[in-house]
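Asker: What follows is a structure written as structure tokens; I'll ask about it next.
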There are 2 protein chains.
Amino acid sequence: MELSRLFSPRGIAVVGASNNPKKFGGLTLENIVKSRYDGYVAPVNPTKDEIMGLPAFNQVSDIPMPIDVVVLAVPKRHVESQILDCAKAKVQFLLIMTGGFGETGEIGKSEQAEMVKLARDNGMRVVGPNLLGLGSTPSKLLMNASLAMREVEMREGTISMVSQSGSTMGILYNRGAREGVRFRHVIALGNQADIEIADFVEFYAEDPGTTVVLASIEGLKNSQRFFAAARRCQQLGKPLIVVKTGRTQHGARVATTHTGSLATAYEGFAARCEEVGIILVEDDLTMARLGAVYAKYGDPGSARGVAFLSPSGGAIAQATDRLSEKGMELADFGPETVMKLETLYVEGMTSNPLDFANLHDNSFLDVGDGGASIVAEDPNVAVIVGVLGTTHNLDEMVTDMASSVGTRIPLSFAVLPGSNGDRARHAAAEFGLLVVDSIDDCLNVFRLWMQSRPIIFPSPERPNGIENLAGVPELAAGVYGEFETKRLLAGHGIAVTREAKAATVEQAVKYAEEIGYPVVLKGFGAGLNHKSESGAVKLNLTTVDVLRGAWDEIRKSTRDALEGCVVAQMVKGEAELLVGAYRCPDFGPMIMFGAGGVLAEFLGDVATLPAPAHPDSIRAKLMNLKISGVLGGLRGRQAADVDAAVDAIFRLGWFVADAGNRLQELDINPLIVRKDGDGAIVVDARMRLEDLRQSEQSQVKSR
Amino acid sequence: MELSRLFSPRGIAVVGASNNPKKFGGLTLENIVKSRYDGYVAPVNPTKDEIMGLPAFNQVSDIPMPIDVVVLAVPKRHVESQILDCAKAKVQFLLIMTGGFGETGEIGKSEQAEMVKLARDNGMRVVGPNLLGLGSTPSKLLMNASLAMREVEMREGTISMVSQSGSTMGILYNRGAREGVRFRHVIALGNQADIEIADFVEFYAEDPGTTVVLASIEGLKNSQRFFAAARRCQQLGKPLIVVKTGRTQHGARVATTHTGSLATAYEGFAARCEEVGIILVEDDLTMARLGAVYAKYGDPGSARGVAFLSPSGGAIAQATDRLSEKGMELADFGPETVMKLETLYVEGMTSNPLDFANLHDNSFLDVGDGGASIVAEDPNVAVIVGVLGTTHNLDEMVTDMASSVGTRIPLSFAVLPGSNGDRARHAAAEFGLLVVDSIDDCLNVFRLWMQSRPIIFPSPERPNGIENLAGVPELAAGVYGEFETKRLLAGHGIAVTREAKAATVEQAVKYAEEIGYPVVLKGFGAGLNHKSESGAVKLNLTTVDVLRGAWDEIRKSTRDALEGCVVAQMVKGEAELLVGAYRCPDFGPMIMFGAGGVLAEFLGDVATLPAPAHPDSIRAKLMNLKISGVLGGLRGRQAADVDAAVDAIFRLGWFVADAGNRLQELDINPLIVRKDGDGAIVVDARMRLEDLRQSEQSQVKSR
């Protein structure tokens with residue numbers, strides 16, 4: 001959506017303006033006036049002739065100049081009449097600060113819907129209600145009710161942000177000024193009654209002045225539109241960095257499988273984000289800081305080393321520990337760098353980290369850039385971090401380092417003291433360099449940056465010869481055991497154990513001959529849910545006598561519940577995986593995989609991907625898990641058939657996508673991965689189908 | 001050691017004093033003078049009559065008043081003569097700021113040793129050299145060369161700190177003032193040539209005005225003395241919080257076992273710390289902040305819930321996510337709390353977190369304490385965190401909350417904006433409340449606090465009937481396989497598989513009958529190192545025919561290398577553990593245990609304890625590992641014999657302690673833990689012995 005006029009309106013009217021900056025209307029007008037916005041501004045208040053030195057109007061339609069944006073800061077009962085009046089003035093956007101709508105409950109929601117309909121029927125779009133407003137550095141405009149934003153001087157930048165929460169916008173803008181983060185457009189949307197987050201992501205994607213897009217999300221109105229806008233950012237090469245709150249709220253889902261119990265809505269969201277190249281981070285501050293790094297330096301090159309420069313030996317010792325504990329690299333200086341550094345530093349004291357105490361003149365009085373410009377040329381160095389302890393001239397160090405490094409590679413500062421570091425903080429922010437108060441915060445940002453943006457794989461192609469099921473076949477709702485589940489999986493080309501259901505021991509003997517020894521016997525029957533608990537499973541039966549003995553034992557331990565036994569091929573392999581599928585109410589079908597067998601329960605070593613997923617994407621995720629250590633072949637074990645495992649997961653992705661809404665959960669546990677070349681075989685599986693109508697309802701409810 | 005006079009000297013002389021505060025002597029004198037220390041101060045400088053308004057002396061022995069402490073800030077060449085002169089004046093302590101001693105290398109170290117000898121022979125003790133100095137709030141004394149410390153007003157507190165790095169002291173003191181941390185005594189020791197960290201820990205332990213002890217350590221001079229001092233803190237109920245830098249430096253150790261490759265010097269240190277109740281944290285800032293919480297509130301009660309109060313909905317949504325992701329609890333308000341909160345908050349909006357937007361008057365103008373005093377009375381609440389976003393009156397919120405909560409339970413603030421939060425930060429620090437700039441930092445501190453101090457178990461008693469080996473029996477240096485290793489372990493009462501070495505297949509058949517089928521065959525021979533790789537291991541041999549077949553196969557696959565096979569009991573169980581032992585050069589014998597089998601290599605799910613360890617301590621550690629999920633009995637599995645596993649680890653602890661220095665590494669992998677009541681059995685093991693002389697040398701080298 002074209003939103004330029006929102007951030008650089010020709011004219012603004014503030015309805016509900018007053019001289020009282022403790023009220024929303026008064027504060028907003030004051031902020032607009034105090035920002036150096038050079039467009040036309042009109043206060044609207046029928047009880048005043050003049051407000052804050054500006055001529056006031058009775059109503060918007062009385063204003064003789066074109067008004068693109070109207071800020072409504074009036075009691076709720078007046079909103080409707082004001083909208084009707086704005087329509088007369090051909091207003092484009094209504095920024096509705098008024099609260100008491102959708103955020104209060106069902107009545108508020110329906111009033112909100114009516115209000116939006118009224119505006120849209122009259123050719124206007126609504127931002128809000130319950131919004132704090134926006135800011136735009138190129139327009140020098142603060143059109144919001146925030147005190148925190150106006151108290152800092154924000155330099156014009158290229159980061160544009162959309163958030164739902166007004167306080168998030170205010171915090172990041174205010175704190176960003178201190179930390180060297182420079183914004184372009186920022187907006188806090190409130191209720192998203194009409195224009196939503198996706199609209200802003202889409203607009204920022206196309207906006208030539210924006211290079212980095214930030215979104216702080218509580219809930220998405222329309223996730224498909226959001227992910228489409230994210231794809232647009234990806235296509236245009238703009239990093240989109242997102243925080244989603246409320247991620248630890250677990251819905252009251254029915255879970256009858258491992259997969260079901262491990263799945264959360266947030267993991268589905270995260271999987272979709274990765275699919276479209278979104279960089280998902282855990283908190284707002286990290287989002288803003290990472291945005292600042294991307295805005296200034298773009299994507300990282302191939303180097304991954306961090307260089308520390310510091311006047312404080314104690315602090316860099318800790319920095320080195322933290323770096324290593326975070327799995328990051330301390331840059332190894334090349335011989336050329338060392339040679340050059342020897343002009344500044346005592347011989348032998350030229351390695352990373354550089355301690356200013358080892359400068360030749362042995363003085364903190366004139367550190368210069370401490371060799372920062374030399375270090376910046378080293379091809380192993382991706383980032384320079386100045387770790388600032390306590391000296392009197394920290395600000396001079398910052399200025400010298402900033403001047404000599406320029407924008408070649410990121411230079412950032414972790415300023416550790418309190419008041420003693422304030423001038424240094426200010427100096428760094430003036431240079432637009434990221435400056436934070438702890439080594440951890442600094443390293444966290446660069447770790448994310450150096451992890452680089454997610455790799456986007458092309459859409460997966462359907463496996464050869466596999467037809468779209470277009471829904472699971474005619475099966476009643478309920479939980480299905482391995483026999484039926486494996487039959488369906490086999491239809492999608494997934495290898496499952498050879499097996500047959502035997503009602504008598506003689507049948508079992510016959511099938512065992514066909515399948516080949518050793519075999520497994522698994523008792524079944526309506527009352528037998530936890531097979532391995534009730535002694536109904538006998539593994540590794542090597543001869544017909546052993547098989548007969550096992551049948552007897554199963555019969556004894558299960559008593560009347562036994563209806564028969566599945567006779568199955570006994571499969572051994574190098575590794576066991578849990579592979580599952582589920583349907584995420586908001587984000588569609590997902591596959592999940594990781595360490596299987598007993599490990600699944602307590603390791604949490606699982607990856608999630610939207611289904612269907614590309615084999616390369618599955619492989620990348622799989623090899624990133626801890627279990628990959630086992631797949632790769634450890635001491636005394638052969639490498640496992642990773643190709644076959646990837647293919648099975650890939651096919652499961654198509655299966656769950658094809659199976660449609662009725663398939664709620666499916667577990668393969670384990671998928672036994674045999675040695676390289678010998679395939680991967682489903683040994684046990686389980687799934688839950690829902691009644692379609694019920695399933696559709698739950699879809700609707702979750703919107 | 002009695003160090004009171006160091007922190008409250010009757011008289012101080014500064015040798016090398018001048019009017020130039022850019023020099024160490026000048027700056028130190030200026031700091032002493034500007035601090036409100038009311039003792040006697042004498043500048044010593046033969047070229048001046050008066051310095052900074054004080055009469056100057058030619059030498060310390062000229063001073064007519066008693067001088068307890070002399071600060072030496074003179075070039076290195078003058079140190080010796082000054083020491084001799086100080087001796088005449090019956091000085092107690094020399095604070096030697098002069099650098100160029102031990103920190104520069106071997107020559108400097110020997111000069112340093114001579115200098116210390118000279119001082120001690122003359123009845124004085126040395127602090128430093130290469131030190132920054134000290135501070136003491138009760139004495140109103142800043143006897144140091146730090147600009148950062150004097151620029152803040154530190155309120156008198158009960159936290160005493162020793163650090164090696166001067167910048168660490170300066171940073172924490174300067175930043176502490178901003179964050180509500182209040183110190184008593186602080187000192188930065190520099191080289192620890194004479195008086196060492198342990199001396200200060202010991203002194204602080206006995207000092208009645210100190211309630212919390214902090215130590216930031218680069219290296220310990222004498223770890224036994226340090227741990228003894230730590231025990232004293234523990235006995236007197238004072239938390240000792242420690243940071244150790246350089247923890248990620250891995251020594252170039254020979255590692256022939258899993259245990260050896262997993263062991264680091266830091267883990268040995270951490271294990272010893274836990275043994276004496278030290279709270280070990282990862283960075284200095286966390287140490288100081290946690291110290292502030294202990295100093296003000298002591299140990300936590302039984303409640304573990306966190307309550308959030310905030311004017312910012314967006315920020316508390318993130319706070320709640322972070323809390324949950326850290327495994328912390330959101331406090332559930334009791335009905336009484338809710339009832340009381342309804343007098344302030346809109347009905348239905350009285351649950352945790354509390355959003356000030358829901359106060360009845362719907363105004364941020366007069367939040368009062370936001371219900372903090374009500375929340376503080378709730379028995380489920382352990383901590384209140386004020387999450388401060390952006391409003392104009394954050395400082396009033398802080399003041400009101402601080403006044404009404406008092407010291408009943410911790411009240412802390414995460415102040416998220418930049419400049420907009422500065423007045424609130426100041427207000428909180430004035431109340432002596434912990435105030436930090438991020439939710440994460442705040443929660444990290446309280447998570448540590450609520451984990452509580454390590455539990456100290458009594459010294460373990462020797463297992464009945466097990467004699468002290470007093471060294472491993474007469475075995476040559478080298479790596480030993482399972483047969484020999486298990487024999488030794490069995491001597492300490494650890495259950496191992498029944499097994500025997502067979503040179504021929506007929507012998508094997510005979511042994512198998514004795515042991516009982518099924519059995520395992522494991523080929524041995526000088527050239528067979530990785531048994532399972534060379535096809536030399538055959539498991540689960542159920543009959544004599546199968547055994548004979550397996551023997552043939554092993555002979556074929558190992559060719560000429562086979563000297564015979566071990567015939568062993570085949571053991572199956574509920575869980576596999578890796579249990580190891582090693583000798584940490586600095587911290588003595590250790591045991592390590594965790595997930596075994598293939599998992600050991602990639603999970604890192606291990607615990608370390610000093611050996612011998614108490615069974616309760618082993619059990620607590622074991623049940624804290626991820627593998628405990630398997631031990632406890634998962635779906636379809638029986639609970640494992642945890643008692644037997646604990647007993648085996650306990651006995652291994654005595655074994656390694658008894659075996660002495662020659663035993664460098666020992667692996668039990670796996671220890672198979674069978675179902676409850678059926679014991680835990682060592683299936684494979686391996687150890688490395690060193691030549692004793694060599695081992696002693698490496699001991700010496702590592703000091």
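All residue names refer to the structure tokens as shown: chains lettered A, B, ... in order, residues numbered from 1 in each chain, ligands numbered from 1 in order.
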To test your reading of the structure, identify every residue in stretch 448-599 of chain B that backbone DSSP assigns to strand (DSSP E), and report it as a PyMOL selection string.

Answerer: chain B and resi 478-480+499-502+519-524+537-541+564-569+575-584+588-595

Asker: Select residues of chain B: the criterion is any atom within 7 Å of an atom of chain A, counting only C-alpha atoms; output as a ChimeraX atom specification.

Answerer: /B:147-148,165,167-168,170-172,174-175,178,245-248,283,312,314-315,317-318,321,324,389-392,416-420,532-533,598,602-603,626,629,636

Asker: Which of these, B:Gly268, B:Gly368, B:Gly39, B:Pro615, has the shortest distance to B:Phe650 once you count only C-alpha atoms?

Answerer: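 Smallest distance to B:Phe650 is found for B:Pro615.
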
Asker: Rounded to one decimal in Å, what is the spacing between atom CA of B:Glu196 and atom CA of B:Val162?

Answerer: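 Going from atom CA of B:Glu196 over to atom CA of B:Val162 covers 9.4 Å.
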
Asker: Just want the 8 Å neighbourhood of B:Val567, counted on only C-alpha atoms, with same-chain residues fewer than 5 positions away dropped. Output as a count of residues only.

Answerer: 11

Asker: Applying 8 Å and only C-alpha atoms, which residues near B:Val683 remain after dropping the ones on its own chain fewer than 2 positions away? List them as a PyMOL selection string.

Answerer: chain B and resi 496-497+571+668-672+681+685

Asker: Can you pull out every residue within 10 Å of B:Trp449, counting only C-alpha atoms, but drop anything in the same chain fewer than 2 positions away, and send it as a ChimeraX atom specification?

Answerer: /B:279,290-291,293-294,298-300,304,443-447,451-453

Asker: Using only C-alpha atoms, which residues sit within 10 Å of B:Asp38 once same-chain residues fewer than 6 positions away are excluded, as a ChimeraX atom specification?

Answerer: /B:8-11,32,139-141

Asker: Using only C-alpha atoms, which protein or nucleic acid residues come within 9 Å of stretch 677-679 of chain B? Drop anything in the same chain fewer than 6 positions from it, and give the result as a PDB file with N, CA, C and O atoms, in the first residue's frame.

Answerer:
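Dumped everything to result17.pdb:
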ATOM      1  N   ALA B 495      30.546 -53.058  40.342  1.00  0.00           N
ATOM      2  CA  ALA B 495      30.126 -54.238  39.584  1.00  0.00           C
ATOM      3  C   ALA B 495      30.596 -54.127  38.147  1.00  0.00           C
ATOM      4  O   ALA B 495      30.378 -53.108  37.489  1.00  0.00           O
ATOM      5  N   GLY B 573      20.204 -52.885  29.714  1.00  0.00           N
ATOM      6  CA  GLY B 573      19.640 -52.116  30.815  1.00  0.00           C
ATOM      7  C   GLY B 573      18.765 -50.994  30.333  1.00  0.00           C
ATOM      8  O   GLY B 573      18.429 -50.911  29.153  1.00  0.00           O
ATOM      9  N   ALA B 640      15.254 -46.906  36.242  1.00  0.00           N
ATOM     10  CA  ALA B 640      16.564 -47.545  36.339  1.00  0.00           C
ATOM     11  C   ALA B 640      17.039 -47.540  37.792  1.00  0.00           C
ATOM     12  O   ALA B 640      16.515 -46.815  38.646  1.00  0.00           O
ATOM     13  N   ASP B 641      18.044 -48.346  38.049  1.00  0.00           N
ATOM     14  CA  ASP B 641      18.561 -48.493  39.410  1.00  0.00           C
ATOM     15  C   ASP B 641      19.515 -47.337  39.722  1.00  0.00           C
ATOM     16  O   ASP B 641      20.746 -47.470  39.660  1.00  0.00           O
ATOM     17  N   VAL B 642      18.925 -46.197  40.039  1.00  0.00           N
ATOM     18  CA  VAL B 642      19.715 -44.988  40.285  1.00  0.00           C
ATOM     19  C   VAL B 642      20.624 -45.177  41.496  1.00  0.00           C
ATOM     20  O   VAL B 642      21.775 -44.744  41.495  1.00  0.00           O
ATOM     21  N   ASP B 643      20.132 -45.877  42.524  1.00  0.00           N
ATOM     22  CA  ASP B 643      20.969 -46.121  43.710  1.00  0.00           C
ATOM     23  C   ASP B 643      22.268 -46.811  43.322  1.00  0.00           C
ATOM     24  O   ASP B 643      23.344 -46.456  43.803  1.00  0.00           O
ATOM     25  N   ALA B 644      22.141 -47.813  42.464  1.00  0.00           N
ATOM     26  CA  ALA B 644      23.329 -48.561  42.064  1.00  0.00           C
ATOM     27  C   ALA B 644      24.276 -47.683  41.239  1.00  0.00           C
ATOM     28  O   ALA B 644      25.498 -47.760  41.386  1.00  0.00           O
ATOM     29  N   ALA B 645      23.713 -46.851  40.380  1.00  0.00           N
ATOM     30  CA  ALA B 645      24.553 -45.956  39.575  1.00  0.00           C
ATOM     31  C   ALA B 645      25.298 -44.985  40.487  1.00  0.00           C
ATOM     32  O   ALA B 645      26.504 -44.758  40.340  1.00  0.00           O
TER      33      ALA B 645
END

Asker: Could you work out how far atom CA of B:Val546 lies from atom CA of A:Lys556, giving the answer in Å with one decimal?

Answerer: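 Distance reported for this atom pair: 29.1 Å.
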
Asker: Quick one: pick out all alpha helix (DSSP H) residues within stretch 197-240 of chain B from a backbone DSSP run and write them as a list in words.

Answerer: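 Answer for stretch 197-240 of chain B restricted to alpha helix (DSSP H) is Ile197, Ala198, Asp199, Phe200, Val201, Glu202, Phe203, Tyr204, Ala205, Glu206, Ser223, Gln224, Arg225, Phe226, Phe227, Ala228, Ala229, Ala230, Arg231, Arg232, Cys233, Gln234 and Gln235 of chain B.
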